[in-house]
Amino acid sequence: MIDLICSHYRRRCVEVRQTIEATALSEEAARNLDAQPGIPALRILRRCISDRYRTRLITLSIMPSDRYAFNLNVRID
């Protein structure tokens, strides 16, 4: 998706900013996700920033906590 947006605007994506927050699943989200309202969930907001430091893409995802895993690998040389 990032490549498509950057290609459309003829700009390179130089940064992706992501915020992950704990929340409770709302009634509407629970209905859409076939899950129980009120259960723990994650709210994930991502912003793609272009080489002119303009936001070109914003995505918001809501996921029940049992459907999301976060892995981070950092290589230190």
# chains A, B, ... in the order shown; residues from 1 in each chain; ligands from 1

call {"tool": "residues_around", "arguments": {"residues": "range 29-42 of chain A", "least_positions_apart": "4", "cutoff": "7 Å", "atoms": "only C-alpha atoms", "output": "PyMOL selection string"}}
result
chain A and resi 20-25+62-65

call {"tool": "write_last_selection", "arguments": {"atoms": "C-alpha atoms", "output": "compact mmCIF listing (two decimals), in the first residue's frame"}}
result
# COMPACT_ATOMS: atom_id res chain seq x y z
CA ILE A 20 -0.02 0.97 19.44
CA GLU A 21 -2.44 1.50 22.32
CA ALA A 22 -4.38 -0.85 24.57
CA THR A 23 -8.14 -0.32 24.50
CA ALA A 24 -11.41 -2.16 25.02
CA LEU A 25 -13.24 -3.41 21.94
CA ILE A 62 -8.49 -2.26 15.80
CA MET A 63 -7.66 -5.84 16.73
CA PRO A 64 -8.80 -8.08 19.55
CA SER A 65 -5.70 -8.82 21.62

call {"tool": "residues_around", "arguments": {"residues": "range 55-61 of chain A", "least_positions_apart": "4", "cutoff": "6 Å", "atoms": "only C-alpha atoms", "output": "PyMOL selection string"}}
result
chain A and resi 43-49

call {"tool": "atom_distance", "arguments": {"atom1": "CA of Tyr53 in chain A", "atom2": "CA of Arg17 in chain A"}}
result
11.7 Å

call {"tool": "select_by_dssp", "arguments": {"residues": "chain A", "states": "strand (DSSP E or B)", "output": "VMD selection string"}}
result
chain A and resid 13 to 24 40 to 50 55 to 64

call {"tool": "write_last_selection", "arguments": {"atoms": "N, CA and C atoms", "output": "mmCIF file, in the first residue's frame"}}
result
data_model
loop_
_atom_site.group_PDB
_atom_site.id
_atom_site.type_symbol
_atom_site.label_atom_id
_atom_site.label_comp_id
_atom_site.auth_asym_id
_atom_site.auth_seq_id
_atom_site.Cartn_x
_atom_site.Cartn_y
_atom_site.Cartn_z
ATOM 1 N N CYS A 13 8.426 7.387 0.442
ATOM 2 C CA CYS A 13 8.088 7.303 1.864
ATOM 3 C C CYS A 13 9.405 7.191 2.633
ATOM 4 N N VAL A 14 9.639 8.125 3.544
ATOM 5 C CA VAL A 14 10.898 8.126 4.280
ATOM 6 C C VAL A 14 10.720 7.719 5.744
ATOM 7 N N GLU A 15 9.470 7.665 6.181
ATOM 8 C CA GLU A 15 9.235 7.348 7.582
ATOM 9 C C GLU A 15 7.842 6.763 7.750
ATOM 10 N N VAL A 16 7.739 5.766 8.624
ATOM 11 C CA VAL A 16 6.437 5.241 9.024
ATOM 12 C C VAL A 16 6.368 5.393 10.539
ATOM 13 N N ARG A 17 5.356 6.091 11.000
ATOM 14 C CA ARG A 17 5.147 6.290 12.440
ATOM 15 C C ARG A 17 3.988 5.405 12.867
ATOM 16 N N GLN A 18 4.217 4.626 13.906
ATOM 17 C CA GLN A 18 3.185 3.697 14.367
ATOM 18 C C GLN A 18 2.975 3.871 15.861
ATOM 19 N N THR A 19 1.721 3.955 16.259
ATOM 20 C CA THR A 19 1.355 4.037 17.666
ATOM 21 C C THR A 19 0.443 2.860 17.980
ATOM 22 N N ILE A 20 0.786 2.109 19.014
ATOM 23 C CA ILE A 20 -0.022 0.966 19.442
ATOM 24 C C ILE A 20 -0.522 1.265 20.851
ATOM 25 N N GLU A 21 -1.840 1.206 21.025
ATOM 26 C CA GLU A 21 -2.444 1.498 22.321
ATOM 27 C C GLU A 21 -3.387 0.374 22.736
ATOM 28 N N ALA A 22 -3.409 0.106 24.029
ATOM 29 C CA ALA A 22 -4.375 -0.846 24.567
ATOM 30 C C ALA A 22 -5.723 -0.142 24.693
ATOM 31 N N THR A 23 -6.784 -0.875 24.403
ATOM 32 C CA THR A 23 -8.135 -0.323 24.505
ATOM 33 C C THR A 23 -9.107 -1.471 24.764
ATOM 34 N N ALA A 24 -10.357 -1.145 24.933
ATOM 35 C CA ALA A 24 -11.411 -2.164 25.024
ATOM 36 C C ALA A 24 -12.172 -2.144 23.700
ATOM 37 N N PRO A 40 -10.162 -6.938 25.765
ATOM 38 C CA PRO A 40 -8.953 -6.176 25.448
ATOM 39 C C PRO A 40 -8.678 -6.183 23.943
ATOM 40 N N ALA A 41 -8.229 -5.036 23.464
ATOM 41 C CA ALA A 41 -7.927 -4.897 22.039
ATOM 42 C C ALA A 41 -6.745 -3.950 21.878
ATOM 43 N N LEU A 42 -6.223 -3.924 20.678
ATOM 44 C CA LEU A 42 -5.148 -2.996 20.342
ATOM 45 C C LEU A 42 -5.624 -2.044 19.256
ATOM 46 N N ARG A 43 -5.315 -0.787 19.427
ATOM 47 C CA ARG A 43 -5.604 0.255 18.433
ATOM 48 C C ARG A 43 -4.261 0.628 17.821
ATOM 49 N N ILE A 44 -4.128 0.430 16.514
ATOM 50 C CA ILE A 44 -2.859 0.658 15.832
ATOM 51 C C ILE A 44 -3.044 1.752 14.789
ATOM 52 N N LEU A 45 -2.340 2.849 14.985
ATOM 53 C CA LEU A 45 -2.401 3.984 14.069
ATOM 54 C C LEU A 45 -1.059 4.086 13.351
ATOM 55 N N ARG A 46 -1.097 4.084 12.011
ATOM 56 C CA ARG A 46 0.132 4.186 11.216
ATOM 57 C C ARG A 46 0.041 5.398 10.304
ATOM 58 N N ARG A 47 1.155 6.104 10.199
ATOM 59 C CA ARG A 47 1.253 7.254 9.286
ATOM 60 C C ARG A 47 2.476 7.066 8.398
ATOM 61 N N CYS A 48 2.281 7.218 7.100
ATOM 62 C CA CYS A 48 3.385 7.174 6.141
ATOM 63 C C CYS A 48 3.747 8.617 5.806
ATOM 64 N N ILE A 49 5.004 8.968 6.013
ATOM 65 C CA ILE A 49 5.478 10.333 5.807
ATOM 66 C C ILE A 49 6.342 10.368 4.549
ATOM 67 N N SER A 50 6.071 11.342 3.672
ATOM 68 C CA SER A 50 6.807 11.445 2.407
ATOM 69 C C SER A 50 8.133 12.173 2.601
ATOM 70 N N THR A 55 2.153 13.860 5.499
ATOM 71 C CA THR A 55 1.482 12.588 5.718
ATOM 72 C C THR A 55 0.762 12.204 4.436
ATOM 73 N N ARG A 56 1.073 11.016 3.917
ATOM 74 C CA ARG A 56 0.473 10.553 2.670
ATOM 75 C C ARG A 56 -0.513 9.413 2.875
ATOM 76 N N LEU A 57 -0.413 8.721 3.991
ATOM 77 C CA LEU A 57 -1.307 7.596 4.253
ATOM 78 C C LEU A 57 -1.489 7.464 5.752
ATOM 79 N N ILE A 58 -2.730 7.310 6.183
ATOM 80 C CA ILE A 58 -3.035 7.037 7.587
ATOM 81 C C ILE A 58 -3.912 5.797 7.622
ATOM 82 N N THR A 59 -3.532 4.828 8.444
ATOM 83 C CA THR A 59 -4.387 3.655 8.637
ATOM 84 C C THR A 59 -4.664 3.498 10.128
ATOM 85 N N LEU A 60 -5.859 3.060 10.431
ATOM 86 C CA LEU A 60 -6.255 2.780 11.805
ATOM 87 C C LEU A 60 -6.787 1.360 11.841
ATOM 88 N N SER A 61 -6.190 0.539 12.677
ATOM 89 C CA SER A 61 -6.618 -0.855 12.825
ATOM 90 C C SER A 61 -7.007 -1.092 14.276
ATOM 91 N N ILE A 62 -8.074 -1.829 14.469
ATOM 92 C CA ILE A 62 -8.493 -2.261 15.800
ATOM 93 C C ILE A 62 -8.486 -3.779 15.775
ATOM 94 N N MET A 63 -7.765 -4.379 16.713
ATOM 95 C CA MET A 63 -7.657 -5.838 16.727
ATOM 96 C C MET A 63 -7.865 -6.370 18.130
ATOM 97 N N PRO A 64 -8.716 -7.401 18.255
ATOM 98 C CA PRO A 64 -8.799 -8.084 19.546
ATOM 99 C C PRO A 64 -7.399 -8.576 19.922
#

call {"tool": "select_by_dssp", "arguments": {"residues": "range 13-70 of chain A", "states": "helix (DSSP H, G or I)", "output": "NGL selection string"}}
result
:A and (27-33 or 65-67)

call {"tool": "atom_distance", "arguments": {"atom1": "CA of Asp51 in chain A", "atom2": "CA of Phe70 in chain A"}}
result
27.1 Å
